[in-house]
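Structure data (compact mmCIF, C-alpha atoms and all ligand atoms) from structure-v5.txt:
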# COMPACT_ATOMS: atom_id res chain seq x y z
CA MET A 1 97.51 88.11 98.64
CA PRO A 2 97.13 85.18 101.04
CA SER A 3 95.59 85.92 104.41
CA ALA A 4 98.00 85.89 107.37
CA SER A 5 96.82 82.39 108.30
CA HIS A 6 98.18 80.99 105.01
CA PHE A 7 101.73 81.66 106.05
CA GLU A 8 103.62 78.86 107.76
CA ILE A 9 105.46 81.54 109.71
CA PRO A 10 102.81 84.20 110.41
CA PHE A 11 103.82 87.70 111.33
CA ASN A 12 102.31 87.43 114.81
CA LYS A 13 100.67 84.89 117.09
CA PRO A 14 99.20 86.28 120.29
CA TYR A 15 100.85 84.86 123.42
CA LEU A 16 98.63 82.96 125.89
CA SER A 17 99.81 81.94 129.36
CA GLY A 18 96.96 79.43 129.76
CA MET A 19 95.41 81.23 132.76
CA GLU A 20 93.41 83.81 130.80
CA VAL A 21 90.11 81.91 130.73
CA GLU A 22 90.50 80.73 134.34
CA TYR A 23 90.90 84.31 135.60
CA MET A 24 87.91 85.39 133.50
CA ARG A 25 85.92 82.53 135.05
CA LEU A 26 86.99 83.62 138.53
CA GLY A 27 86.01 87.18 137.66
CA VAL A 28 82.54 85.97 136.69
CA SER A 29 82.23 83.97 139.90
CA HIS A 30 83.19 87.06 141.95
CA GLY A 31 80.22 88.76 140.30
CA HIS A 32 82.00 91.89 139.04
CA ILE A 33 82.11 91.81 135.26
CA SER A 34 81.91 95.50 134.40
CA GLY A 35 84.83 97.92 134.69
CA ASN A 36 86.99 98.98 137.66
CA GLY A 37 86.82 95.60 139.38
CA ARG A 38 89.37 93.39 141.15
CA TYR A 39 91.46 92.53 138.08
CA THR A 40 91.41 96.12 136.80
CA LYS A 41 92.94 97.20 140.11
CA LEU A 42 95.53 94.40 139.97
CA CYS A 43 96.62 95.47 136.48
CA GLN A 44 96.66 99.19 137.30
CA ASN A 45 98.63 98.59 140.53
CA PHE A 46 101.11 96.44 138.63
CA PHE A 47 101.91 99.32 136.27
CA GLU A 48 101.99 101.90 139.05
CA GLU A 49 104.31 99.88 141.28
CA ARG A 50 106.61 98.30 138.74
CA TRP A 51 107.17 101.41 136.63
CA GLY A 52 106.64 104.15 139.22
CA ILE A 53 103.62 105.71 137.51
CA LYS A 54 101.48 107.90 139.77
CA LYS A 55 98.10 106.66 138.56
CA CYS A 56 96.98 104.22 135.85
CA LEU A 57 93.54 103.70 134.36
CA PHE A 58 92.74 100.60 132.30
CA THR A 59 90.96 101.48 129.03
CA THR A 60 89.40 99.67 126.09
CA SER A 61 92.35 100.59 123.86
CA CYS A 62 95.41 102.79 123.56
CA THR A 63 93.34 104.90 121.16
CA ASP A 64 90.86 105.53 123.97
CA ALA A 65 93.69 106.41 126.35
CA LEU A 66 94.98 108.91 123.77
CA GLU A 67 91.49 110.37 123.43
CA MET A 68 91.38 110.76 127.19
CA CYS A 69 94.67 112.70 126.95
CA ALA A 70 93.13 115.09 124.42
CA LEU A 71 90.18 115.70 126.78
CA LEU A 72 92.40 116.08 129.84
CA LEU A 73 94.61 118.61 128.03
CA ARG A 74 91.43 120.46 126.99
CA ILE A 75 92.53 120.39 123.34
CA GLU A 76 90.21 122.57 121.23
CA PRO A 77 90.02 124.15 117.76
CA GLY A 78 92.89 126.59 117.30
CA ASP A 79 95.37 124.43 119.22
CA GLU A 80 98.32 122.75 117.58
CA VAL A 81 99.79 119.41 118.59
CA ILE A 82 103.17 118.18 117.37
CA VAL A 83 103.09 114.50 116.38
CA PRO A 84 105.59 112.37 114.44
CA SER A 85 104.30 111.49 110.99
CA TYR A 86 105.63 107.94 111.12
CA THR A 87 103.08 106.52 113.55
CA PHE A 88 99.71 104.85 113.88
CA VAL A 89 96.68 107.02 113.03
CA SER A 90 95.49 107.19 116.66
CA SER A 91 98.55 109.19 117.83
CA ALA A 92 97.25 112.07 115.71
CA LEU A 93 93.54 111.30 115.42
CA ALA A 94 92.85 111.57 119.15
CA PHE A 95 93.91 115.24 119.06
CA ALA A 96 92.54 116.06 115.58
CA ARG A 97 89.13 114.83 116.80
CA GLN A 98 89.09 117.61 119.40
CA GLY A 99 89.79 120.14 116.64
CA ALA A 100 93.57 120.51 116.94
CA LYS A 101 95.76 121.11 113.94
CA ILE A 102 98.35 118.35 113.80
CA VAL A 103 101.85 119.59 113.03
CA PHE A 104 103.87 116.66 111.82
CA ALA A 105 107.49 116.11 112.80
CA ASP A 106 110.04 114.00 110.96
CA SER A 107 111.70 110.80 112.19
CA ARG A 108 115.37 110.63 113.08
CA LYS A 109 117.56 109.54 110.20
CA ASP A 110 118.81 106.52 112.13
CA HIS A 111 115.53 105.58 113.82
CA PRO A 112 111.80 105.96 113.10
CA GLY A 113 111.22 107.80 116.41
CA ILE A 114 110.66 111.58 116.38
CA ASP A 115 113.71 113.69 115.46
CA GLU A 116 114.04 115.65 118.68
CA SER A 117 116.22 118.25 116.97
CA SER A 118 113.33 119.15 114.64
CA ILE A 119 110.72 119.80 117.33
CA GLU A 120 111.54 123.30 118.51
CA ALA A 121 111.17 124.82 115.03
CA LEU A 122 107.60 123.44 114.93
CA VAL A 123 106.52 125.13 118.18
CA SER A 124 104.20 128.13 117.72
CA PRO A 125 102.14 130.24 120.14
CA LYS A 126 99.26 127.82 119.39
CA THR A 127 101.18 124.66 120.33
CA LYS A 128 99.72 122.88 123.32
CA ALA A 129 101.36 119.47 123.36
CA ILE A 130 104.05 117.24 121.93
CA VAL A 131 103.21 113.58 121.33
CA VAL A 132 106.20 111.26 121.17
CA VAL A 133 105.93 107.68 119.94
CA HIS A 134 108.44 105.15 121.25
CA TYR A 135 108.58 103.26 117.97
CA ALA A 136 109.31 99.54 118.35
CA GLY A 137 109.54 100.15 122.10
CA ILE A 138 112.71 102.20 121.60
CA ALA A 139 112.77 105.44 123.58
CA CYS A 140 112.72 108.90 122.07
CA GLU A 141 115.33 111.38 123.35
CA MET A 142 113.18 112.33 126.33
CA ASP A 143 115.53 114.77 128.10
CA VAL A 144 115.52 116.97 125.00
CA VAL A 145 111.74 116.65 124.53
CA MET A 146 110.97 117.43 128.18
CA ASP A 147 113.32 120.41 128.12
CA ILE A 148 111.59 121.91 125.05
CA ALA A 149 108.21 121.29 126.67
CA GLN A 150 109.23 122.93 129.91
CA ARG A 151 110.68 126.01 128.21
CA HIS A 152 107.58 126.50 126.04
CA LYS A 153 105.05 125.39 128.71
CA LEU A 154 103.81 122.44 126.66
CA TYR A 155 102.47 119.07 127.71
CA VAL A 156 104.16 115.84 126.66
CA VAL A 157 102.15 112.70 125.88
CA GLU A 158 104.11 109.50 125.44
CA ASP A 159 102.49 107.13 122.99
CA ALA A 160 103.96 104.04 124.61
CA ALA A 161 101.64 101.66 122.72
CA GLN A 162 104.62 99.44 121.88
CA ALA A 163 106.83 100.35 124.80
CA ILE A 164 105.87 98.19 127.78
CA ASP A 165 108.87 97.40 130.01
CA SER A 166 111.26 99.59 128.06
CA TYR A 167 113.50 102.36 129.34
CA TYR A 168 115.08 105.73 128.63
CA LYS A 169 118.34 106.03 130.60
CA ASP A 170 116.88 103.55 133.12
CA ARG A 171 113.62 105.49 133.42
CA PRO A 172 110.58 103.41 132.44
CA LEU A 173 108.81 104.60 129.29
CA GLY A 174 105.35 105.81 130.17
CA SER A 175 106.62 107.39 133.41
CA ILE A 176 108.27 110.47 131.90
CA GLY A 177 105.68 112.57 130.02
CA HIS A 178 102.79 114.31 131.77
CA LEU A 179 100.58 111.54 130.36
CA ALA A 180 101.28 108.26 128.55
CA CYS A 181 99.33 105.50 126.84
CA PHE A 182 99.97 101.76 126.44
CA SER A 183 98.30 99.27 124.09
CA PHE A 184 97.33 95.65 124.74
CA HIS A 185 96.16 94.98 121.21
CA GLU A 186 96.90 91.36 120.30
CA THR A 187 99.97 92.43 118.34
CA LYS A 188 101.68 93.78 121.49
CA ASN A 189 104.10 91.99 123.84
CA ILE A 190 101.39 91.82 126.53
CA GLN A 191 97.88 91.62 125.15
CA CYS A 192 94.19 91.12 125.89
CA GLY A 193 92.88 91.31 122.32
CA GLU A 194 92.01 95.00 122.60
CA GLY A 195 92.97 97.12 125.60
CA GLY A 196 94.98 100.06 126.80
CA MET A 197 96.27 101.91 129.83
CA LEU A 198 96.36 105.63 130.55
CA ALA A 199 99.39 106.49 132.69
CA ILE A 200 99.19 109.76 134.61
CA ASN A 201 102.47 111.22 135.85
CA ASP A 202 101.29 114.78 136.50
CA PRO A 203 99.09 114.36 139.59
CA SER A 204 97.01 117.41 138.72
CA PHE A 205 95.24 115.26 136.09
CA ILE A 206 94.29 112.35 138.35
CA GLU A 207 90.97 113.50 139.75
CA ARG A 208 89.57 114.66 136.43
CA ALA A 209 90.92 111.58 134.61
CA GLU A 210 88.81 109.29 136.81
CA VAL A 211 85.72 111.29 135.86
CA VAL A 212 86.53 111.36 132.14
CA TRP A 213 87.14 107.58 132.33
CA GLU A 214 83.72 106.90 133.89
CA LYS A 215 81.36 108.66 131.44
CA GLY A 216 81.91 112.07 132.99
CA THR A 217 80.74 110.88 136.43
CA ASN A 218 82.35 110.50 139.85
CA ARG A 219 81.39 106.82 140.09
CA ALA A 220 85.00 105.89 141.02
CA GLN A 221 84.56 107.97 144.18
CA LEU A 222 81.34 106.12 144.96
CA PHE A 223 83.19 102.78 144.60
CA ARG A 224 85.73 103.99 147.15
CA GLY A 225 82.96 105.07 149.53
CA GLU A 226 83.96 108.75 149.29
CA VAL A 227 80.47 109.88 148.19
CA ASN A 228 77.07 108.22 148.63
CA LYS A 229 75.77 108.89 145.12
CA TYR A 230 77.44 109.66 141.85
CA GLN A 231 76.53 112.24 139.23
CA TRP A 232 77.50 113.99 136.00
CA MET A 233 80.58 116.11 136.71
CA ASP A 234 82.40 116.78 133.44
CA THR A 235 82.94 115.58 129.89
CA GLY A 236 84.02 111.99 129.31
CA SER A 237 83.02 108.70 127.78
CA SER A 238 82.91 105.00 128.56
CA PHE A 239 86.67 104.64 128.40
CA LEU A 240 87.00 101.96 131.08
CA ALA A 241 87.17 98.33 129.94
CA SER A 242 85.31 95.34 131.35
CA ASP A 243 87.01 93.55 134.24
CA MET A 244 86.93 90.44 132.01
CA LEU A 245 89.57 92.02 129.79
CA ALA A 246 91.60 92.96 132.85
CA ALA A 247 91.39 89.33 134.05
CA PHE A 248 92.76 88.21 130.67
CA LEU A 249 95.49 90.85 130.86
CA TRP A 250 96.46 89.83 134.38
CA ALA A 251 97.25 86.32 133.14
CA GLN A 252 99.76 87.92 130.80
CA LEU A 253 101.28 90.45 133.20
CA GLU A 254 102.07 87.62 135.62
CA ASN A 255 104.33 86.23 132.90
CA LEU A 256 105.89 89.50 131.78
CA GLN A 257 109.48 88.49 132.47
CA ASP A 258 109.23 85.18 130.65
CA ILE A 259 107.60 86.84 127.64
CA GLN A 260 110.19 89.59 127.47
CA ASN A 261 113.08 87.12 127.81
CA ARG A 262 111.79 84.97 124.97
CA ARG A 263 111.17 87.94 122.67
CA LYS A 264 114.68 89.21 123.37
CA GLU A 265 116.15 85.80 122.48
CA ILE A 266 114.40 85.96 119.12
CA TRP A 267 115.41 89.59 118.57
CA ASP A 268 119.06 88.79 119.34
CA TRP A 269 118.95 85.79 117.04
CA TYR A 270 117.74 87.98 114.18
CA GLU A 271 120.39 90.58 114.89
CA GLN A 272 123.16 87.98 114.84
CA ASN A 273 121.97 85.87 111.91
CA ILE A 274 119.76 87.73 109.49
CA LYS A 275 122.54 89.34 107.43
CA SER A 276 124.24 86.03 106.74
CA LEU A 277 120.92 84.28 106.05
CA LEU A 278 119.93 86.86 103.44
CA PRO A 279 123.22 87.62 101.62
CA GLU A 280 121.42 88.57 98.41
CA PHE A 281 119.66 91.52 99.99
CA GLU A 282 120.94 94.92 101.02
CA PHE A 283 119.55 96.27 104.27
CA ASP A 284 120.47 97.86 107.60
CA LEU A 285 119.72 96.36 110.99
CA PRO A 286 117.73 98.38 113.54
CA LYS A 287 119.79 100.91 115.44
CA ILE A 288 119.14 101.35 119.14
CA PRO A 289 120.33 104.71 120.50
CA GLU A 290 122.65 104.41 123.52
CA TYR A 291 120.07 106.01 125.83
CA ALA A 292 117.39 103.41 125.00
CA SER A 293 116.69 99.84 126.08
CA ASN A 294 115.12 97.25 123.80
CA ASN A 295 111.86 95.51 124.78
CA ALA A 296 111.97 93.36 121.64
CA HIS A 297 108.55 94.50 120.53
CA MET A 298 109.59 94.47 116.89
CA PHE A 299 112.43 93.37 114.64
CA TYR A 300 112.69 95.37 111.45
CA LEU A 301 115.10 95.86 108.57
CA VAL A 302 115.61 99.02 106.54
CA CYS A 303 116.22 98.07 102.91
CA LYS A 304 118.41 100.14 100.61
CA THR A 305 115.56 100.94 98.22
CA PRO A 306 111.76 100.47 98.08
CA ALA A 307 112.25 97.96 95.25
CA GLU A 308 114.68 96.00 97.42
CA ARG A 309 112.06 95.88 100.16
CA ASP A 310 109.41 94.56 97.76
CA ARG A 311 111.86 91.92 96.54
CA LEU A 312 112.64 90.87 100.13
CA ILE A 313 108.96 90.66 101.13
CA ALA A 314 108.25 88.60 98.00
CA TYR A 315 111.20 86.26 98.70
CA LEU A 316 110.08 85.68 102.29
CA LYS A 317 106.49 85.18 101.18
CA SER A 318 107.58 82.55 98.67
CA ASN A 319 109.23 80.75 101.61
CA GLY A 320 106.07 80.88 103.73
CA ILE A 321 107.11 83.84 105.93
CA HIS A 322 104.83 86.81 106.50
CA ALA A 323 106.98 89.96 106.60
CA ILE A 324 105.24 93.32 106.38
CA PHE A 325 105.98 97.00 106.00
CA HIS A 326 104.58 99.44 108.50
CA TYR A 327 103.08 102.93 108.62
CA LEU A 328 102.14 105.12 105.70
CA SER A 329 103.39 108.57 106.72
CA LEU A 330 100.42 110.47 108.14
CA HIS A 331 101.43 113.76 106.50
CA ARG A 332 100.75 112.06 103.14
CA SER A 333 97.43 110.54 104.24
CA ALA A 334 94.17 111.29 102.43
CA TYR A 335 92.78 112.96 105.58
CA TYR A 336 95.70 115.34 106.01
CA LYS A 337 96.23 116.13 102.31
CA GLU A 338 92.65 117.40 102.02
CA ARG A 339 93.13 119.88 104.83
CA TYR A 340 96.73 121.08 105.04
CA PRO A 341 99.75 121.73 102.82
CA ILE A 342 101.96 118.64 102.80
CA PRO A 343 105.31 119.13 104.53
CA SER A 344 108.45 117.39 103.34
CA LEU A 345 109.53 114.80 105.92
CA PRO A 346 112.17 112.74 104.14
CA ASN A 347 113.09 110.39 106.98
CA SER A 348 109.47 109.43 107.66
CA GLU A 349 109.00 108.84 103.93
CA ALA A 350 112.14 106.70 103.80
CA PHE A 351 110.90 104.45 106.63
CA GLU A 352 107.49 104.27 104.98
CA GLU A 353 109.12 103.06 101.77
CA ARG A 354 111.98 100.91 103.00
CA LEU A 355 111.20 99.41 106.42
CA VAL A 356 110.04 95.79 106.73
CA ARG A 357 109.06 93.96 109.92
CA LEU A 358 109.87 90.29 110.48
CA PRO A 359 107.80 87.81 112.53
CA ILE A 360 108.44 87.95 116.27
CA PHE A 361 106.27 86.14 118.81
CA TYR A 362 106.80 83.94 121.85
CA GLN A 363 106.10 80.60 120.15
CA LEU A 364 108.34 81.25 117.13
CA ASN A 365 110.60 78.25 116.55
CA LEU A 366 113.98 79.57 115.45
CA ALA A 367 115.20 76.35 113.80
CA ASN A 368 112.04 76.24 111.71
CA LEU A 369 112.30 79.95 110.94
CA GLU A 370 115.89 79.51 109.77
CA LYS A 371 114.87 76.72 107.39
CA HIS A 372 112.14 78.91 105.96
CA ILE A 373 114.47 81.86 105.49
CA ARG A 374 116.97 79.62 103.71
CA GLY A 375 114.17 78.14 101.61
CA THR A 376 115.00 74.61 102.80
CA ALA A 377 111.82 73.91 104.79
CA ALA A 378 109.88 70.75 103.92
CA SER A 379 107.17 70.48 101.29
CA ASN A 380 104.56 72.33 103.37
CA SER A 381 106.11 75.48 102.12
CA ARG A 382 105.49 74.51 98.50
CA SER A 383 101.85 73.63 99.17
CA THR A 384 101.40 76.99 100.87
CA ARG A 385 102.81 78.67 97.79
CA SER A 386 100.46 76.86 95.44
CA ALA A 387 97.51 77.62 97.72
CA SER A 388 98.25 81.33 97.72
C1 LIG B 401 102.12 103.77 118.10
C2 LIG B 401 100.71 103.33 118.29
N1 LIG B 401 99.83 104.16 118.86
C3 LIG B 401 98.55 103.80 119.08
C4 LIG B 401 98.10 102.56 118.70
C5 LIG B 401 96.65 102.22 118.94
O1 LIG B 401 96.54 101.17 119.86
P1 LIG B 401 95.13 100.45 120.09
O2 LIG B 401 94.96 99.47 118.98
O3 LIG B 401 95.29 99.77 121.44
O4 LIG B 401 94.10 101.48 120.12
C6 LIG B 401 98.96 101.66 118.09
C7 LIG B 401 98.47 100.35 117.68
O5 LIG B 401 99.11 99.52 117.14
C8 LIG B 401 100.31 102.04 117.89
O6 LIG B 401 101.19 101.21 117.31
Could you rewrite the structure in this file as structure tokens?
Amino acid sequence: MPSASHFEIPFNKPYLSGMEVEYMRLGVSHGHISGNGRYTKLCQNFFEERWGIKKCLFTTSCTDALEMCALLLRIEPGDEVIVPSYTFVSSALAFARQGAKIVFADSRKDHPGIDESSIEALVSPKTKAIVVVHYAGIACEMDVVMDIAQRHKLYVVEDAAQAIDSYYKDRPLGSIGHLACFSFHETKNIQCGEGGMLAINDPSFIERAEVVWEKGTNRAQLFRGEVNKYQWMDTGSSFLASDMLAAFLWAQLENLQDIQNRRKEIWDWYEQNIKSLLPEFEFDLPKIPEYASNNAHMFYLVCKTPAERDRLIAYLKSNGIHAIFHYLSLHRSAYYKERYPIPSLPNSEAFEERLVRLPIFYQLNLANLEKHIRGTAASNSRSTRSAS
């Protein structure tokens, strides 16, 4: 298989505003390169103010933010955590690492997000939390999830890795669960290579979260002048990221609207044109529930059969386009199979076998993309094919 760089239309190209290196240079000249500096505060404040989140903490990844959630919820062996199977490993791993049993939920039939109607049957006296994943930046049915959580006294963690600037009934994703996590991995709408944000909506977690974030110490209080020395207070790790990464991220956040607008243009173009451009293939377009907004994080198709998906990926590849499938259902993973009986989660399995993601990134040239989809792009395409 050719590497991603061999494709004339790669799956992703990280967006750059042009100010990233300048802000990193300024950060160096200010003399604060480690975590919790000027740019970290700018980024955290941006999230808190724009999306009404009580407290945000910038982390080295969304995975780290999820691990902080597991520590904050005091997850321990004997606990159960409900997680959708169709997700990235970290949504489950962060809690499994603390000893929890992961109880996998199915996707909705019409969308890869968690099937809210399946959750309540999975709740047991051992359940401590529900993790929802806003797949492709499309909201889960949060009123139903929060209601189940409230009735059973459970915590809700939103894995909003892909869900920046997206909404559930006009409420920003990441501001609804007790805790939430964003990713700034280079594949995300807003990126700094690797990075994440813990969003805290239940204020009872704020004080401890700052300690967990800073290697189990109250150094954040020292920075604010609230104490004159800092010390070991609790469990934790080095979850905070260097201010250099925050400086990079700030150069992206400043351009959020422009980035989102461009991604939506591309998404809309796909929605309007992809069926007629690929008449030989049978697939469904993504469905966005009426309660959800679209942040254009991802454009995917759901093919009629796994074989149809393979044929489509091969066709696009032969035209120089890198289209890729997505998650392998976690309930069928090697890790889980060794430890637990495998549940039957047909919708998750169907998305695993039939979903394909198409390139979407700021710099994508739609006229060029169209030529490649039609197979009428110039000879470059042929040389790519022979090189692969
Ligand atoms: C749903 C989901 N959760 C968690 C993560 C992990 O994010 P990170 O790479 O920032 O740790 C990802 C990464 O793509 C993701 O898609």
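Residue nearest Ile206 in chain A, chosen from A:Met24, A:Ile373, A:Leu179, A:Met233 and counting all atoms listed in the file: A:Leu179.
With all atoms listed in the file as the atoms that count, the residue of A:Pro14, A:Tyr167, A:Ile190, A:Arg332 with the shortest distance to Pro346 in chain A is A:Arg332.
Look at Leu345 in chain A: the protein and nucleic acid residues within 6 Å of it, using all atoms listed in the file and passing over chain neighbours fewer than 2 places away, are A:Asp106, A:Asn347, A:Ser348.
Of note, CA of Val144 in chain A and CA of Ile53 in chain A are spaced 20.6 Å apart.
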**Q.** Contacts with ligand LIG 401 (chain B) at most 9 Å, all atoms listed in the file counted, listed as a PyMOL selection string
**A.** chain A and resi 59-66+86-92+133-136+159-163+181-188+193-197
Q: Go through A:Leu73, A:Ile164, A:Leu253, A:Ile138 and flag the residue nearest Asp202 in chain A, using only C-alpha atoms for the distances.
A: A:Leu73
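Distances to Ile82 in chain A were evaluated for A:Leu256, A:Val131, A:Ile114, A:Leu328 using all atoms listed in the file, and the minimum falls at A:Val131.
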Q: For range 355-364 of chain A, please output as a PyMOL selection string all residues within 7 Å (counting all atoms listed in the file; exclusion window: fewer than 2 positions along the same chain).
A: chain A and resi 10-13+15+259+262-263+266+298-303+309+322-326+351-353+366
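Across the structure, CA of Ser329 in chain A and CA of Arg151 in chain A are spaced 28.6 Å apart.
Separating CA of Lys41 in chain A from CA of Leu245 in chain A is a distance of 12.0 Å.
Distances here use only C-alpha atoms; by that measure, the residue among A:Val157, A:Ala129, A:Val123, A:Ile274 closest to Glu76 in chain A is A:Ala129.
Residues lying within 9 Å of Thr40 in chain A, counting all atoms listed in the file and ignoring same-chain neighbours fewer than 6 positions away, are Leu57, Phe58, Ala241, Ser242, Asp243, Met244, Leu245, Ala246, Ala247, Leu249 and Trp250 of chain A.
If you measure from each of A:Leu16, A:Leu312, A:Ala296, A:Cys140 to Glu116 in chain A using all atoms listed in the file, the closest one turns out to be A:Cys140.
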Selection: 6 Å around Thr127 in chain A, all atoms listed in the file, excl. self and same-chain fewer than 3 positions, as an mmCIF file with C-alpha atoms, keeping the file's coordinate frame:
data_model
loop_
_atom_site.group_PDB
_atom_site.id
_atom_site.type_symbol
_atom_site.label_atom_id
_atom_site.label_comp_id
_atom_site.auth_asym_id
_atom_site.auth_seq_id
_atom_site.Cartn_x
_atom_site.Cartn_y
_atom_site.Cartn_z
ATOM 1 C CA ASP A 79 95.370 124.430 119.220
ATOM 2 C CA GLU A 80 98.320 122.750 117.580
ATOM 3 C CA VAL A 81 99.790 119.410 118.590
ATOM 4 C CA VAL A 123 106.520 125.130 118.180
ATOM 5 C CA SER A 124 104.200 128.130 117.720
#
Q | Surrounding residues of Gln221 in chain A excluding itself and chain neighbours under 3 positions, 10 Å, all atoms listed in the file, as a PyMOL selection string | A | chain A and resi 207+210-211+217-218+224-230
Which polymer residues, protein or nucleic acid, are no farther than 9 Å from (92.7, 123.8, 110.5), counting only C-alpha atoms, as a short mmCIF file (atom, residue, chain, number, x, y, z; two decimals) with C-alpha atoms, in the frame of the given file?
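New file selection-v9.cif:
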data_model
loop_
_atom_site.label_atom_id
_atom_site.label_comp_id
_atom_site.auth_asym_id
_atom_site.auth_seq_id
_atom_site.Cartn_x
_atom_site.Cartn_y
_atom_site.Cartn_z
CA PRO A 77 90.02 124.15 117.76
CA GLY A 78 92.89 126.59 117.30
CA GLY A 99 89.79 120.14 116.64
CA ALA A 100 93.57 120.51 116.94
CA LYS A 101 95.76 121.11 113.94
CA ILE A 102 98.35 118.35 113.80
CA ARG A 339 93.13 119.88 104.83
CA TYR A 340 96.73 121.08 105.04
#
